[in-house]
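Accompanying notes for the structure given below.
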Amino acid sequence: MNFYEYKIMLVDDEPELRKMVSGFLEKEGFREIVSAGSCREAWNLFDREAPHLILLDVMLPDGDGFGLFGQLRTKSEVPVIFLSARDEDENRLKGLGLGADDYITKPFLAKELILRVRAVLKRVYRIRDAGGDAGLVDLGDCLVNLGSGTVQRQGAETALTAKEYAIIEKLAANRGRIVTIDALCESVWKEGNYGYENTLVVHIRRLREKIEADASHPKHLITVRGLGYKLV
Amino acid sequence: MKRKNRVSGVSAFVYVTFAMAVIFFLTMLLEIGFLILVNYRYSLYHQRYIDGESIRDALTFADGEYRLSEDMQRQLKEAEQWVMLLDGEGDVVWSYEKPEEIGESYRLSDIARMSKWYLKDYPVHIYVWDDRMMVMGRPKNSIWKYNVEFPMRWMRFMANAGVWMLALNFLWILLLSVFFTRKWFKSREEVRLEWIGGISHDIRTPLALVMGYADALGSSENLSDGERRQMAVIRRQSAVMKELVEDLNLTSALEYSMQALRVEKLRPAAVLREIAADFLDDAKEGEFEVTVEILREAEDAWIKADRRLLIRAFRNLFHNSLRHSGQDEKTVICLRMWSEKRWCRIRFSDNGAGYPPEVLEQLAVGKKNRAARHIRGLGIVQKVVLAHGGKIRFENGREGGCVCEMRFRAVR
């Protein structure tokens, strides 16, 4: 099953908003979208349609989205992303300890909503990202294979150490964006990551020797001074 | 916001204290009035009591016989009083309306007893007349009589305690005033916050539609360049409205201390790098430059803060710098962090035109300046830092540019 085969249920009392969000999802490629305008309607629709993900508004005419979520949890573990028009709801949600999968405050951009939907589906249903090349990072003159933990360059294959692997994996997941040294240290050394900056520099240098044509003048693994690194 | 209608915390406290004091004194007056009334009614009854001296004056002795004036007899009748006169031996030598059960002869012990208590349940008073003794009695159950005796030390203590009790009453009034003032303010704040929350909720849903469709239309290939530009303006301005709504909520929440800070222990160095990286990532290529300089010892500094609010505060500083940067040169933002004793200090500066004087003036007024519209974003920065128990200062650099210096208490 790929992303677009998953059924999404949208619960919001504003028909225009339902129409707009459904339109975004359809444009993105999602084929099965059902929507409801109230708790009661959502409850009935859920049994009939068995959606894979619910986008749930907090304020509904016949009740509270949190209440409906609690009821749904008694019979299903379906992922839920809350849509809310109030900042306080986030605090309330945390206070209730409901354990929703995500939370979006209105107004939101279509891009943001789609990203969140994809991220939740990916996490919950362990979907491999569209494109099918998951695990391969193409850097032009070299190819990093995260599946086997190797770098292929000019016909030669070099193995990555565990630390180098963790670094390149984090950078590849955020390709084109700056990953701070703190975020890198955290993904490599997990807890108590402070104090590893110098060690990180050493690992980065070794990694560059494997992926760059000239490690002294890197073209892919770029240093952003004072902040971190970026994979381009 | 109508500032004129606002009641400050101090004046509300004064009002409530005044009201409580008035209530307290009115209650006291009522109590005193009640006592006076009771006393007055008793005194009306007591007024009819005829003392021994008056009876003595109305009593004559002639031909070996005591005779009481008719006027006095009438008065004694009205007062429901009976009288008997004992001689030096304790024998009754004369009486008026004496009940039958009252005896004719008394010993010293009988006299000692009746002088303090009752005589066969009749409340009596004694009047000593030369070697004789007059006993004046009233009906049973008409007077409560008790012999009271206290040590002098205790009486002195009671006098002092009275003063302390009065002082305690005042303290009690003050405490109640604080309690009621807080309650009053809290309920008012809640109503206000609820109102603002409601308005922002009502704005956000239609705004979601505006932003969503503007975004979708903006990327449509059917639009002309002019239409695309107009769509970009709608997109940008709806983003501004989104920020405004968020700021409105945050400002009111921070202002009324209703924002529950989700405090966690964090390393500001990491947060600063994260914010700077996000801004650089989202900016157009070469739009601006950020330098982050964190001194070695500050790398491992920790503070207790609400991460979301801290990021929000720095975002506002970045936005402010980018919005007011000069058109001619590239904006350079510099973030510097260092540790000083128990404080973790952060300096945010840029190479722009600096803060206008009116902005600095409004920021200097600080928390009191609730309605200042030019400092909305910076006002939030200030409120966030203050809500964390930190200190903040806005100024213009010697060579121009905005400088915002803040400090947070470091924790281990």
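Ligands are numbered from 1 in the order shown, residues from 1 within each chain, and chains are lettered A, B, ... in the order they appear in the structure tokens.
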
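Set the cut-off at 8 Å, count only C-alpha atoms, and the residues of chain A near chain B turn out to be Glu16, Leu17, Met20, Ala85, Arg86, Asp87, Lys106, Pro107, Phe108, Leu109, Ala110, Arg177, Ile178, Val179, Thr180, Asp182, Tyr194, Arg225, Gly226 and Leu227 of chain A.
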
Residues of chain A in strand (DSSP E or B) according to DSSP, as a PyMOL selection string?
chain A and resi 7-11+32-36+53-57+59-60+63-64+80-84+102-105+136-138+142-145+150-153+156-159+178-180+221-224+228-231

Report as a list in words all protein, DNA and RNA residues lying within 8 Å of Ile303 of chain B, evaluated on only C-alpha atoms, omitting residues in the same chain fewer than 5 positions from it.
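Listing them by chain and then by number gives Lys265, Leu266, Arg267, Pro268, Cys344, Phe408, Arg409, Ala410 and Val411 of chain B.
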
Work out how far apart atom CA of Ser216 of chain A and atom CA of Lys170 of chain A are and give it in Å to one decimal.
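Here the two named atoms are 21.8 Å from each other.
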
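Contact shell of Gly52 of chain B at 10 Å (only C-alpha atoms; same-chain neighbours under 4 positions omitted): Arg56, Asp57, Ala58, Val83, His125, Ile126, Tyr127, Val128, Trp129, Met133, Met134, Val135 and Met136 of chain B.
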
Just C-alpha atoms for this one: save the residues we selected as a short mmCIF file (atom, residue, chain, number, x, y, z; two decimals), in the first residue's frame.
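Listed below is the output, out_13.cif:
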data_model
loop_
_atom_site.label_atom_id
_atom_site.label_comp_id
_atom_site.auth_asym_id
_atom_site.auth_seq_id
_atom_site.Cartn_x
_atom_site.Cartn_y
_atom_site.Cartn_z
CA ARG B 56 -34.19 53.74 104.41
CA ASP B 57 -35.17 57.36 103.82
CA ALA B 58 -38.80 56.37 103.37
CA VAL B 83 -37.76 44.13 101.59
CA HIS B 125 -29.21 42.81 97.44
CA ILE B 126 -27.97 43.89 100.80
CA TYR B 127 -27.83 47.36 102.25
CA VAL B 128 -26.04 47.85 105.56
CA TRP B 129 -27.62 50.43 107.78
CA MET B 133 -29.06 45.13 107.46
CA MET B 134 -31.70 45.61 104.80
CA VAL B 135 -32.30 42.77 102.33
CA MET B 136 -34.03 43.69 99.08
#

Close residues, segment 181-187 of chain B itself excluded, 7 Å, only C-alpha atoms, min 3 positions apart in chain, as a list in words
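The residues that qualify are Ala12, Phe13, Val16, Ser177, Val178, Glu190 and Val191 of chain B.
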
With N, CA, C and O atoms retained, export the selected residues as a PDB file, in the first residue's frame.
ATOM      1  N   ALA B  12      -7.340  48.417  42.710  1.00  0.00           N
ATOM      2  CA  ALA B  12      -8.373  47.423  43.028  1.00  0.00           C
ATOM      3  C   ALA B  12      -8.203  46.943  44.453  1.00  0.00           C
ATOM      4  O   ALA B  12      -9.180  46.784  45.186  1.00  0.00           O
ATOM      5  N   PHE B  13      -6.954  46.754  44.859  1.00  0.00           N
ATOM      6  CA  PHE B  13      -6.672  46.302  46.223  1.00  0.00           C
ATOM      7  C   PHE B  13      -7.159  47.352  47.229  1.00  0.00           C
ATOM      8  O   PHE B  13      -7.768  47.029  48.245  1.00  0.00           O
ATOM      9  N   VAL B  16     -10.978  47.236  47.394  1.00  0.00           N
ATOM     10  CA  VAL B  16     -11.478  46.073  48.140  1.00  0.00           C
ATOM     11  C   VAL B  16     -11.202  46.243  49.628  1.00  0.00           C
ATOM     12  O   VAL B  16     -12.063  45.982  50.476  1.00  0.00           O
ATOM     13  N   SER B 177      -8.825  41.012  51.723  1.00  0.00           N
ATOM     14  CA  SER B 177      -8.818  41.954  50.593  1.00  0.00           C
ATOM     15  C   SER B 177      -7.950  41.421  49.463  1.00  0.00           C
ATOM     16  O   SER B 177      -8.335  41.453  48.302  1.00  0.00           O
ATOM     17  N   VAL B 178      -6.760  40.920  49.831  1.00  0.00           N
ATOM     18  CA  VAL B 178      -5.864  40.363  48.804  1.00  0.00           C
ATOM     19  C   VAL B 178      -6.560  39.206  48.096  1.00  0.00           C
ATOM     20  O   VAL B 178      -6.588  39.120  46.871  1.00  0.00           O
ATOM     21  N   GLU B 190      -9.965  35.910  33.085  1.00  0.00           N
ATOM     22  CA  GLU B 190     -10.440  34.718  32.386  1.00  0.00           C
ATOM     23  C   GLU B 190     -11.480  35.089  31.338  1.00  0.00           C
ATOM     24  O   GLU B 190     -11.454  34.579  30.227  1.00  0.00           O
ATOM     25  N   VAL B 191     -12.372  35.987  31.729  1.00  0.00           N
ATOM     26  CA  VAL B 191     -13.412  36.419  30.792  1.00  0.00           C
ATOM     27  C   VAL B 191     -12.759  37.078  29.585  1.00  0.00           C
ATOM     28  O   VAL B 191     -13.096  36.797  28.437  1.00  0.00           O
TER      29      VAL B 191
END

I'd like the neighbourhood of Leu72 of chain A as a PDB file with all heavy atoms, in the first residue's frame, where a residue qualifies if any of its atoms comes within 12 Å (using only C-alpha atoms), though same-chain residues fewer than 5 positions away should be ignored.
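Wrote around32.pdb, looks like this:
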ATOM      1  N   CYS A  39     -19.620  15.357  15.619  1.00  0.00           N
ATOM      2  CA  CYS A  39     -19.130  14.175  16.342  1.00  0.00           C
ATOM      3  C   CYS A  39     -19.961  12.951  15.977  1.00  0.00           C
ATOM      4  O   CYS A  39     -19.428  11.878  15.696  1.00  0.00           O
ATOM      5  CB  CYS A  39     -19.228  14.400  17.843  1.00  0.00           C
ATOM      6  SG  CYS A  39     -18.061  15.593  18.485  1.00  0.00           S
ATOM      7  N   ARG A  40     -21.288  13.150  16.013  1.00  0.00           N
ATOM      8  CA  ARG A  40     -22.182  12.021  15.741  1.00  0.00           C
ATOM      9  C   ARG A  40     -21.931  11.457  14.334  1.00  0.00           C
ATOM     10  O   ARG A  40     -21.772  10.247  14.148  1.00  0.00           O
ATOM     11  CB  ARG A  40     -23.630  12.500  15.849  1.00  0.00           C
ATOM     12  CG  ARG A  40     -24.673  11.415  15.618  1.00  0.00           C
ATOM     13  CD  ARG A  40     -26.026  12.064  15.468  1.00  0.00           C
ATOM     14  NE  ARG A  40     -26.492  12.551  16.756  1.00  0.00           N
ATOM     15  CZ  ARG A  40     -27.259  11.822  17.589  1.00  0.00           C
ATOM     16  NH1 ARG A  40     -27.626  10.623  17.226  1.00  0.00           N
ATOM     17  NH2 ARG A  40     -27.650  12.295  18.734  1.00  0.00           N
ATOM     18  N   ALA A  42     -19.277  11.767  12.556  1.00  0.00           N
ATOM     19  CA  ALA A  42     -17.933  11.181  12.498  1.00  0.00           C
ATOM     20  C   ALA A  42     -17.939   9.780  13.098  1.00  0.00           C
ATOM     21  O   ALA A  42     -17.316   8.853  12.581  1.00  0.00           O
ATOM     22  CB  ALA A  42     -16.948  12.075  13.241  1.00  0.00           C
ATOM     23  N   TRP A  43     -18.650   9.640  14.212  1.00  0.00           N
ATOM     24  CA  TRP A  43     -18.721   8.355  14.924  1.00  0.00           C
ATOM     25  C   TRP A  43     -19.326   7.287  14.009  1.00  0.00           C
ATOM     26  O   TRP A  43     -18.828   6.169  13.912  1.00  0.00           O
ATOM     27  CB  TRP A  43     -19.560   8.565  16.189  1.00  0.00           C
ATOM     28  CG  TRP A  43     -19.682   7.365  17.059  1.00  0.00           C
ATOM     29  CD1 TRP A  43     -20.789   6.602  17.238  1.00  0.00           C
ATOM     30  CD2 TRP A  43     -18.658   6.787  17.875  1.00  0.00           C
ATOM     31  NE1 TRP A  43     -20.533   5.583  18.099  1.00  0.00           N
ATOM     32  CE2 TRP A  43     -19.230   5.663  18.517  1.00  0.00           C
ATOM     33  CE3 TRP A  43     -17.321   7.072  18.114  1.00  0.00           C
ATOM     34  CZ2 TRP A  43     -18.521   4.849  19.383  1.00  0.00           C
ATOM     35  CZ3 TRP A  43     -16.607   6.260  18.977  1.00  0.00           C
ATOM     36  CH2 TRP A  43     -17.196   5.178  19.600  1.00  0.00           C
ATOM     37  N   ASN A  44     -20.426   7.671  13.341  1.00  0.00           N
ATOM     38  CA  ASN A  44     -21.088   6.713  12.433  1.00  0.00           C
ATOM     39  C   ASN A  44     -20.215   6.400  11.221  1.00  0.00           C
ATOM     40  O   ASN A  44     -20.085   5.254  10.803  1.00  0.00           O
ATOM     41  CB  ASN A  44     -22.437   7.268  11.962  1.00  0.00           C
ATOM     42  CG  ASN A  44     -23.391   7.414  13.123  1.00  0.00           C
ATOM     43  OD1 ASN A  44     -23.278   6.683  14.117  1.00  0.00           O
ATOM     44  ND2 ASN A  44     -24.307   8.364  13.034  1.00  0.00           N
ATOM     45  N   LEU A  45     -19.609   7.461  10.693  1.00  0.00           N
ATOM     46  CA  LEU A  45     -18.790   7.297   9.492  1.00  0.00           C
ATOM     47  C   LEU A  45     -17.559   6.429   9.772  1.00  0.00           C
ATOM     48  O   LEU A  45     -17.117   5.663   8.932  1.00  0.00           O
ATOM     49  CB  LEU A  45     -18.349   8.691   9.012  1.00  0.00           C
ATOM     50  CG  LEU A  45     -17.939   8.807   7.548  1.00  0.00           C
ATOM     51  CD1 LEU A  45     -19.133   8.528   6.651  1.00  0.00           C
ATOM     52  CD2 LEU A  45     -17.412  10.215   7.257  1.00  0.00           C
ATOM     53  N   PHE A  46     -17.047   6.567  10.982  1.00  0.00           N
ATOM     54  CA  PHE A  46     -15.843   5.813  11.349  1.00  0.00           C
ATOM     55  C   PHE A  46     -16.102   4.314  11.266  1.00  0.00           C
ATOM     56  O   PHE A  46     -15.302   3.558  10.708  1.00  0.00           O
ATOM     57  CB  PHE A  46     -15.393   6.199  12.764  1.00  0.00           C
ATOM     58  CG  PHE A  46     -14.175   5.468  13.215  1.00  0.00           C
ATOM     59  CD1 PHE A  46     -12.918   5.877  12.794  1.00  0.00           C
ATOM     60  CD2 PHE A  46     -14.263   4.343  14.027  1.00  0.00           C
ATOM     61  CE1 PHE A  46     -11.780   5.190  13.186  1.00  0.00           C
ATOM     62  CE2 PHE A  46     -13.135   3.659  14.422  1.00  0.00           C
ATOM     63  CZ  PHE A  46     -11.891   4.089  14.002  1.00  0.00           C
ATOM     64  N   ASP A  47     -17.251   3.888  11.794  1.00  0.00           N
ATOM     65  CA  ASP A  47     -17.585   2.461  11.760  1.00  0.00           C
ATOM     66  C   ASP A  47     -17.758   1.960  10.332  1.00  0.00           C
ATOM     67  O   ASP A  47     -17.366   0.858   9.997  1.00  0.00           O
ATOM     68  CB  ASP A  47     -18.884   2.210  12.546  1.00  0.00           C
ATOM     69  CG  ASP A  47     -18.625   2.327  14.041  1.00  0.00           C
ATOM     70  OD1 ASP A  47     -17.465   2.142  14.450  1.00  0.00           O
ATOM     71  OD2 ASP A  47     -19.570   2.631  14.785  1.00  0.00           O
ATOM     72  N   ALA A  50     -13.954   2.971   8.293  1.00  0.00           N
ATOM     73  CA  ALA A  50     -12.674   2.530   8.887  1.00  0.00           C
ATOM     74  C   ALA A  50     -11.476   3.269   8.288  1.00  0.00           C
ATOM     75  O   ALA A  50     -10.630   2.668   7.613  1.00  0.00           O
ATOM     76  CB  ALA A  50     -12.512   1.021   8.726  1.00  0.00           C
ATOM     77  N   PRO A  51     -11.376   4.583   8.505  1.00  0.00           N
ATOM     78  CA  PRO A  51     -10.275   5.351   7.917  1.00  0.00           C
ATOM     79  C   PRO A  51      -8.920   5.014   8.549  1.00  0.00           C
ATOM     80  O   PRO A  51      -8.865   4.472   9.642  1.00  0.00           O
ATOM     81  CB  PRO A  51     -10.657   6.801   8.227  1.00  0.00           C
ATOM     82  CG  PRO A  51     -11.517   6.717   9.422  1.00  0.00           C
ATOM     83  CD  PRO A  51     -12.240   5.423   9.357  1.00  0.00           C
ATOM     84  N   LEU A  53      -6.541   7.443   8.869  1.00  0.00           N
ATOM     85  CA  LEU A  53      -6.078   8.639   9.582  1.00  0.00           C
ATOM     86  C   LEU A  53      -7.248   9.611   9.701  1.00  0.00           C
ATOM     87  O   LEU A  53      -8.072   9.700   8.784  1.00  0.00           O
ATOM     88  CB  LEU A  53      -4.927   9.293   8.820  1.00  0.00           C
ATOM     89  CG  LEU A  53      -4.315  10.543   9.450  1.00  0.00           C
ATOM     90  CD1 LEU A  53      -2.799  10.469   9.381  1.00  0.00           C
ATOM     91  CD2 LEU A  53      -4.748  11.819   8.762  1.00  0.00           C
ATOM     92  N   ILE A  54      -7.322  10.287  10.842  1.00  0.00           N
ATOM     93  CA  ILE A  54      -8.422  11.251  11.022  1.00  0.00           C
ATOM     94  C   ILE A  54      -7.844  12.642  11.240  1.00  0.00           C
ATOM     95  O   ILE A  54      -6.923  12.823  12.047  1.00  0.00           O
ATOM     96  CB  ILE A  54      -9.307  10.864  12.224  1.00  0.00           C
ATOM     97  CG1 ILE A  54      -9.877   9.463  12.043  1.00  0.00           C
ATOM     98  CG2 ILE A  54     -10.436  11.878  12.413  1.00  0.00           C
ATOM     99  CD1 ILE A  54     -10.684   8.946  13.211  1.00  0.00           C
ATOM    100  N   LEU A  56      -9.058  15.890  12.791  1.00  0.00           N
ATOM    101  CA  LEU A  56     -10.187  16.159  13.675  1.00  0.00           C
ATOM    102  C   LEU A  56     -10.160  17.578  14.244  1.00  0.00           C
ATOM    103  O   LEU A  56      -9.208  17.971  14.933  1.00  0.00           O
ATOM    104  CB  LEU A  56     -10.144  15.118  14.816  1.00  0.00           C
ATOM    105  CG  LEU A  56     -11.203  15.156  15.891  1.00  0.00           C
ATOM    106  CD1 LEU A  56     -12.592  15.049  15.314  1.00  0.00           C
ATOM    107  CD2 LEU A  56     -10.971  14.006  16.886  1.00  0.00           C
ATOM    108  N   GLY A  65     -13.822  17.783  20.082  1.00  0.00           N
ATOM    109  CA  GLY A  65     -12.998  16.815  19.360  1.00  0.00           C
ATOM    110  C   GLY A  65     -12.224  15.899  20.292  1.00  0.00           C
ATOM    111  O   GLY A  65     -12.026  14.719  19.994  1.00  0.00           O
ATOM    112  N   PHE A  66     -11.820  16.448  21.444  1.00  0.00           N
ATOM    113  CA  PHE A  66     -11.058  15.638  22.413  1.00  0.00           C
ATOM    114  C   PHE A  66     -11.921  14.501  22.958  1.00  0.00           C
ATOM    115  O   PHE A  66     -11.451  13.395  23.184  1.00  0.00           O
ATOM    116  CB  PHE A  66     -10.549  16.498  23.572  1.00  0.00           C
ATOM    117  CG  PHE A  66      -9.547  17.545  23.145  1.00  0.00           C
ATOM    118  CD1 PHE A  66      -9.523  18.793  23.755  1.00  0.00           C
ATOM    119  CD2 PHE A  66      -8.633  17.276  22.145  1.00  0.00           C
ATOM    120  CE1 PHE A  66      -8.592  19.753  23.371  1.00  0.00           C
ATOM    121  CE2 PHE A  66      -7.701  18.232  21.755  1.00  0.00           C
ATOM    122  CZ  PHE A  66      -7.692  19.466  22.365  1.00  0.00           C
ATOM    123  N   GLY A  67     -13.202  14.843  23.175  1.00  0.00           N
ATOM    124  CA  GLY A  67     -14.135  13.835  23.684  1.00  0.00           C
ATOM    125  C   GLY A  67     -14.316  12.710  22.675  1.00  0.00           C
ATOM    126  O   GLY A  67     -14.261  11.530  23.016  1.00  0.00           O
ATOM    127  N   GLU A  77      -6.968   2.332  17.342  1.00  0.00           N
ATOM    128  CA  GLU A  77      -5.695   3.027  17.542  1.00  0.00           C
ATOM    129  C   GLU A  77      -5.385   3.928  16.352  1.00  0.00           C
ATOM    130  O   GLU A  77      -4.242   4.303  16.115  1.00  0.00           O
ATOM    131  CB  GLU A  77      -4.557   2.021  17.729  1.00  0.00           C
ATOM    132  CG  GLU A  77      -4.505   1.358  19.087  1.00  0.00           C
ATOM    133  CD  GLU A  77      -4.262   2.333  20.215  1.00  0.00           C
ATOM    134  OE1 GLU A  77      -3.329   3.153  20.111  1.00  0.00           O
ATOM    135  OE2 GLU A  77      -5.013   2.293  21.214  1.00  0.00           O
ATOM    136  N   VAL A  78      -6.428   4.256  15.587  1.00  0.00           N
ATOM    137  CA  VAL A  78      -6.240   5.039  14.363  1.00  0.00           C
ATOM    138  C   VAL A  78      -5.522   6.364  14.671  1.00  0.00           C
ATOM    139  O   VAL A  78      -5.830   7.022  15.665  1.00  0.00           O
ATOM    140  CB  VAL A  78      -7.607   5.282  13.664  1.00  0.00           C
ATOM    141  CG1 VAL A  78      -8.552   6.066  14.561  1.00  0.00           C
ATOM    142  CG2 VAL A  78      -7.441   5.993  12.339  1.00  0.00           C
ATOM    143  N   PRO A  79      -4.515   6.746  13.868  1.00  0.00           N
ATOM    144  CA  PRO A  79      -3.830   8.016  14.134  1.00  0.00           C
ATOM    145  C   PRO A  79      -4.742   9.228  13.924  1.00  0.00           C
ATOM    146  O   PRO A  79      -5.576   9.209  13.012  1.00  0.00           O
ATOM    147  CB  PRO A  79      -2.672   8.016  13.134  1.00  0.00           C
ATOM    148  CG  PRO A  79      -3.036   7.047  12.090  1.00  0.00           C
ATOM    149  CD  PRO A  79      -3.916   6.022  12.741  1.00  0.00           C
ATOM    150  N   VAL A  80      -4.576  10.211  14.770  1.00  0.00           N
ATOM    151  CA  VAL A  80      -5.431  11.399  14.706  1.00  0.00           C
ATOM    152  C   VAL A  80      -4.560  12.656  14.703  1.00  0.00           C
ATOM    153  O   VAL A  80      -3.616  12.767  15.487  1.00  0.00           O
ATOM    154  CB  VAL A  80      -6.395  11.441  15.920  1.00  0.00           C
ATOM    155  CG1 VAL A  80      -7.131  12.779  15.982  1.00  0.00           C
ATOM    156  CG2 VAL A  80      -7.407  10.309  15.847  1.00  0.00           C
ATOM    157  N   LEU A  98      -3.762  12.967  26.014  1.00  0.00           N
ATOM    158  CA  LEU A  98      -4.499  12.085  25.111  1.00  0.00           C
ATOM    159  C   LEU A  98      -3.599  11.329  24.140  1.00  0.00           C
ATOM    160  O   LEU A  98      -3.988  10.311  23.600  1.00  0.00           O
ATOM    161  CB  LEU A  98      -5.533  12.892  24.315  1.00  0.00           C
ATOM    162  CG  LEU A  98      -6.755  13.341  25.123  1.00  0.00           C
ATOM    163  CD1 LEU A  98      -7.624  14.256  24.288  1.00  0.00           C
ATOM    164  CD2 LEU A  98      -7.569  12.144  25.569  1.00  0.00           C
ATOM    165  N   ALA A 100      -2.332  12.374  21.091  1.00  0.00           N
ATOM    166  CA  ALA A 100      -2.677  12.483  19.671  1.00  0.00           C
ATOM    167  C   ALA A 100      -1.397  12.405  18.850  1.00  0.00           C
ATOM    168  O   ALA A 100      -0.303  12.597  19.369  1.00  0.00           O
ATOM    169  CB  ALA A 100      -3.376  13.805  19.410  1.00  0.00           C
TER     170      ALA A 100
END

With DSSP run on the backbone, what are the helix (DSSP H, G or I) residues within segment 137-345 of chain B? I'd like them as a ChimeraX atom specification.
/B:152-218,225-255,268-282,296-299,307-323

Identify which of the residues A:Gly149, A:Asp101, A:Ser84, A:Lys163 lies closest to Lys122 of chain A, counting only C-alpha atoms when measuring atom-to-atom distances.
A:Asp101
